[in-house]
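Visitor: Dropping a structure here in structure tokens format, bear with me for questions.
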2 protein chains.
Amino acid sequence: MSGKLYLIPVPLSDVAPESVLPATNVEVVRSLRYFVVENLRSARRFLKACDRSIDIDSLTIVELNEHTPREEVAGLLAPVIDGADCGVISEAGCPGVADPGADMVALAQRHGVEVVPLVGPSSILMGLMGSGFNGQNFAFLGYLPIEAPKRAAAMREMQQRVMRNSQTQIFIETPYRNNRLIRELTTSLPGHMLLCVASDITGPRQSIITRPISEWVSANYNYDKIPTIFLLYKDV
Amino acid sequence: MSGKLYLIPVPLSDVAPESVLPATNVEVVRSLRYFVVENLRSARRFLKACDRSIDIDSLTIVELNEHTPREEVAGLLAPVIDGADCGVISEAGCPGVADPGADMVALAQRHGVEVVPLVGPSSILMGLMGSGFNGQNFAFLGYLPIEAPKRAAAMREMQQRVMRNSQTQIFIETPYRNNRLIRELTTSLPGHMLLCVASDITGPRQSIITRPISEWVSANYNYDKIPTIFLLYKDV
């Protein structure tokens, strides 16, 4: 009988686990002896924050990140197929969404291993909640292309999907280019479109602001180096 | 100075709040005197589950649902603009996503009211985590069209967006038609596509299963009347 693969969210910012994670998550963490994590150092810090009495050195903690050869994922899953429960921890937020943990989940599904996602903070979902935009139809696109013509095309396509399909468009940027992205959006998109900038979600500088593009043009803002998520929609 | 609009998730199934909600959420609930809720009865039950000592009758709890005329939303927000904090509670899961609470959030944003989403369970996000599918590019489409030709077209379009754009497609169905939807998907989509059926998320019968369409054809399942979310992707 194979073990279970628990997907264990971590805080998005430097806050106490109990402020953004259910108590049950900590109980699951305490019950596990085997972890596959995106970053060893931040995962150890998280485990200690969950329970100071945890004996980290008695645990098996293995890294799975963008440097891990994909053929090694099977080896990471082997103990689970043999019966051990395993916790997957990504660097921030929910594992299995836009991180290498998804490879482990995909393989677990192929082997019929039970996958158990736990509740935790997601900037995509919390940004959507706070935006006031359409949550019945939305798309998360990750990063926009960097090359200028492709980037312009991506912005035109987002505009079309908002206007024609009433689909909220959600995307991110490398944090040090957040301000530049907003300037690009204000020059590329019509003034009546709505842009929500959701920044430092769950953190001390949290700010979720929806305004028409026409108001962002002259707004004061500085989101550089702050984790931020962007959402586009229309006035309805 | 206006108050804050807190978006307060509730459990997706009949479980104790602490198993799916951070402790901080209960503190926020305790601090509020004014609530706008999708369903009066379930919201009262949730408030009592958070804290048995809450004096429900001393609170102002107003309904906002699909029957509420949209012009009444401004009246519900008026106390917040005047300085009162307010909690928004939907019937299940996270308010502001696919429920009338989004209208309240949109209006709050227009008035510069601070919106504070709290962490809670989302079947969309937890289904995505557990599926093993692409979380860097995904779309939630709500319900598929009911009319046969439009429904067939929607399935073709989902297939195209998976194959061409590598975009995970997420959708739902009225629970009593879940089995029928799976049969339709198995006859409409190529056998190599992957279908994840994520059912009773966080509940006692939770099951998140990813299989190729070719295996769903002959699989034993019964998801009727169980809240379920469906995800499509491809083998990579």
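Identifiers in this document derive from the order of the structure tokens: chains are assigned A, B, ..., residues are numbered from 1 separately in each chain, and ligands are numbered from 1 in order of occurrence.
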Residues of chain A that approach chain B to 7 Å or less, counting only C-alpha atoms: could you list each one with the shortest pair of atoms and its distance in Å to one decimal, rows by chain and increasing residue number, as a tab-separated table?

Guide:
residue	atom	partner	partner_atom	distance
A:Glu18	CA	B:Pro22	CA	5.7
A:Ser19	CA	B:Thr24	CA	4.9
A:Val20	CA	B:Pro22	CA	5.3
A:Leu21	CA	B:Pro22	CA	4.7
A:Pro22	CA	B:Pro22	CA	4.0
A:Ala23	CA	B:Glu18	CA	5.9
A:Thr24	CA	B:Ser19	CA	4.9
A:Pro95	CA	B:Met129	CA	6.6
A:Gly96	CA	B:Met129	CA	4.6
A:Val97	CA	B:Gly135	CA	4.2
A:Ala98	CA	B:Gln136	CA	4.6
A:Ala102	CA	B:Gly132	CA	4.9
A:Asp103	CA	B:Gly132	CA	6.5
A:Val105	CA	B:Gly132	CA	4.7
A:Ala106	CA	B:Gly132	CA	4.1
A:Gln109	CA	B:Thr210	CA	5.8
A:Val115	CA	B:Gly130	CA	5.8
A:Val116	CA	B:Gly130	CA	6.7
A:Pro117	CA	B:Met126	CA	5.8
A:Val119	CA	B:Pro121	CA	5.4
A:Gly120	CA	B:Val119	CA	6.3
A:Pro121	CA	B:Val119	CA	5.4
A:Met126	CA	B:Pro117	CA	5.8
A:Met129	CA	B:Gly96	CA	4.7
A:Gly130	CA	B:Val115	CA	5.8
A:Ser131	CA	B:Ala106	CA	6.9
A:Gly132	CA	B:Ala106	CA	4.0
A:Phe133	CA	B:Ala102	CA	6.8
A:Gly135	CA	B:Val97	CA	4.2
A:Gln136	CA	B:Ala98	CA	4.6
A:Asn137	CA	B:Leu141	CA	4.6
A:Phe138	CA	B:Phe140	CA	5.4
A:Ala139	CA	B:Ala139	CA	4.0
A:Phe140	CA	B:Phe138	CA	5.4
A:Leu141	CA	B:Asn137	CA	4.7
A:Gly142	CA	B:Gln136	CA	5.1
A:Ile208	CA	B:Val115	CA	6.8
A:Ile209	CA	B:Gln109	CA	6.8
A:Thr210	CA	B:Gln109	CA	5.8

Visitor: Extract, using only C-alpha atoms, all DNA, RNA and protein residues at most 9 Å from range 55-69 of chain A, discarding same-chain residues fewer than 2 positions from it, and format them as number ranges by chain.

Guide: A: 32-40, 43-44, 47-48, 52-53, 71-73, 76, 90, 99-101, 104

Visitor: Output N, CA and C atoms for every residue in that selection, as a PDB file, in the first residue's frame.

Guide:
ATOM      1  N   LEU A  32       4.953  13.690   9.555  1.00  0.00           N
ATOM      2  CA  LEU A  32       5.743  13.243   8.407  1.00  0.00           C
ATOM      3  C   LEU A  32       7.230  13.131   8.733  1.00  0.00           C
ATOM      4  N   ARG A  33       7.902  12.148   8.074  1.00  0.00           N
ATOM      5  CA  ARG A  33       9.343  11.943   8.255  1.00  0.00           C
ATOM      6  C   ARG A  33      10.096  12.206   6.966  1.00  0.00           C
ATOM      7  N   TYR A  34       9.365  12.410   5.860  1.00  0.00           N
ATOM      8  CA  TYR A  34       9.995  12.522   4.535  1.00  0.00           C
ATOM      9  C   TYR A  34       9.413  13.730   3.795  1.00  0.00           C
ATOM     10  N   PHE A  35      10.303  14.599   3.328  1.00  0.00           N
ATOM     11  CA  PHE A  35       9.860  15.811   2.628  1.00  0.00           C
ATOM     12  C   PHE A  35      10.625  15.988   1.317  1.00  0.00           C
ATOM     13  N   VAL A  36       9.930  16.406   0.299  1.00  0.00           N
ATOM     14  CA  VAL A  36      10.559  16.815  -0.958  1.00  0.00           C
ATOM     15  C   VAL A  36      10.282  18.305  -1.099  1.00  0.00           C
ATOM     16  N   VAL A  37      11.359  19.105  -1.162  1.00  0.00           N
ATOM     17  CA  VAL A  37      11.198  20.553  -1.021  1.00  0.00           C
ATOM     18  C   VAL A  37      11.914  21.296  -2.151  1.00  0.00           C
ATOM     19  N   GLU A  38      11.401  22.485  -2.466  1.00  0.00           N
ATOM     20  CA  GLU A  38      12.012  23.265  -3.545  1.00  0.00           C
ATOM     21  C   GLU A  38      13.334  23.873  -3.082  1.00  0.00           C
ATOM     22  N   ASN A  39      13.375  24.274  -1.809  1.00  0.00           N
ATOM     23  CA  ASN A  39      14.586  24.916  -1.283  1.00  0.00           C
ATOM     24  C   ASN A  39      14.819  24.436   0.142  1.00  0.00           C
ATOM     25  N   LEU A  40      15.986  23.823   0.348  1.00  0.00           N
ATOM     26  CA  LEU A  40      16.269  23.162   1.610  1.00  0.00           C
ATOM     27  C   LEU A  40      16.226  24.149   2.779  1.00  0.00           C
ATOM     28  N   ALA A  43      12.698  25.535   3.545  1.00  0.00           N
ATOM     29  CA  ALA A  43      11.837  24.469   4.056  1.00  0.00           C
ATOM     30  C   ALA A  43      12.167  24.159   5.523  1.00  0.00           C
ATOM     31  N   ARG A  44      13.470  24.114   5.858  1.00  0.00           N
ATOM     32  CA  ARG A  44      13.866  23.874   7.248  1.00  0.00           C
ATOM     33  C   ARG A  44      13.323  24.978   8.156  1.00  0.00           C
ATOM     34  N   LEU A  47       9.626  24.418   8.682  1.00  0.00           N
ATOM     35  CA  LEU A  47       9.340  23.296   9.596  1.00  0.00           C
ATOM     36  C   LEU A  47       9.564  23.727  11.047  1.00  0.00           C
ATOM     37  N   LYS A  48      10.642  24.481  11.277  1.00  0.00           N
ATOM     38  CA  LYS A  48      10.936  24.983  12.629  1.00  0.00           C
ATOM     39  C   LYS A  48       9.850  25.964  13.090  1.00  0.00           C
ATOM     40  N   ARG A  52       8.767  24.257  16.959  1.00  0.00           N
ATOM     41  CA  ARG A  52      10.165  24.444  17.374  1.00  0.00           C
ATOM     42  C   ARG A  52      10.805  23.166  17.869  1.00  0.00           C
ATOM     43  N   SER A  53       9.941  22.229  18.336  1.00  0.00           N
ATOM     44  CA  SER A  53      10.506  21.012  18.916  1.00  0.00           C
ATOM     45  C   SER A  53      10.824  19.959  17.852  1.00  0.00           C
ATOM     46  N   GLU A  71      14.573  12.898 -14.627  1.00  0.00           N
ATOM     47  CA  GLU A  71      14.587  11.437 -14.421  1.00  0.00           C
ATOM     48  C   GLU A  71      14.823  11.082 -12.950  1.00  0.00           C
ATOM     49  N   GLU A  72      15.208  12.067 -12.139  1.00  0.00           N
ATOM     50  CA  GLU A  72      15.402  11.779 -10.709  1.00  0.00           C
ATOM     51  C   GLU A  72      14.100  11.824  -9.904  1.00  0.00           C
ATOM     52  N   VAL A  73      13.048  12.365 -10.511  1.00  0.00           N
ATOM     53  CA  VAL A  73      11.777  12.490  -9.774  1.00  0.00           C
ATOM     54  C   VAL A  73      11.251  11.121  -9.362  1.00  0.00           C
ATOM     55  N   LEU A  76      12.599  10.036  -6.164  1.00  0.00           N
ATOM     56  CA  LEU A  76      12.020  10.751  -5.021  1.00  0.00           C
ATOM     57  C   LEU A  76      10.666  10.158  -4.632  1.00  0.00           C
ATOM     58  N   SER A  90       6.986  23.939  -1.405  1.00  0.00           N
ATOM     59  CA  SER A  90       7.629  24.813  -2.382  1.00  0.00           C
ATOM     60  C   SER A  90       8.184  26.051  -1.668  1.00  0.00           C
ATOM     61  N   ASP A  99       5.526  25.409  -9.851  1.00  0.00           N
ATOM     62  CA  ASP A  99       6.798  25.043  -9.218  1.00  0.00           C
ATOM     63  C   ASP A  99       7.107  23.588  -9.578  1.00  0.00           C
ATOM     64  N   PRO A 100       8.348  23.136  -9.366  1.00  0.00           N
ATOM     65  CA  PRO A 100       8.712  21.779  -9.802  1.00  0.00           C
ATOM     66  C   PRO A 100       7.963  20.682  -9.045  1.00  0.00           C
ATOM     67  N   GLY A 101       7.334  21.008  -7.926  1.00  0.00           N
ATOM     68  CA  GLY A 101       6.544  20.017  -7.207  1.00  0.00           C
ATOM     69  C   GLY A 101       5.477  19.387  -8.081  1.00  0.00           C
ATOM     70  N   MET A 104       6.356  16.019  -9.449  1.00  0.00           N
ATOM     71  CA  MET A 104       6.210  14.945  -8.456  1.00  0.00           C
ATOM     72  C   MET A 104       4.742  14.521  -8.361  1.00  0.00           C
TER      73      MET A 104
END

Visitor: For CA of Gly3 in chain A and CA of Ala198 in chain B, quote the distance in Å rounded to one decimal.

Guide: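 CA of Ala198 in chain B lies at a distance of 18.8 Å from CA of Gly3 in chain A.
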
Visitor: Using DSSP on the backbone coordinates, identify all residues within chain A classified as strand (DSSP E or B); present the result as a PyMOL selection string.

Guide: chain A and resi 4-7+10+22+34-37+60-63+86-89+93+114-117+138-143+168-172+194-199+207-212+228-233

Visitor: Pick out the closest residue to Asn178 in chain B from this set: B:Ile146, B:Val197, B:Val217, B:Ala49. Count only C-alpha atoms.

Guide: B:Val197
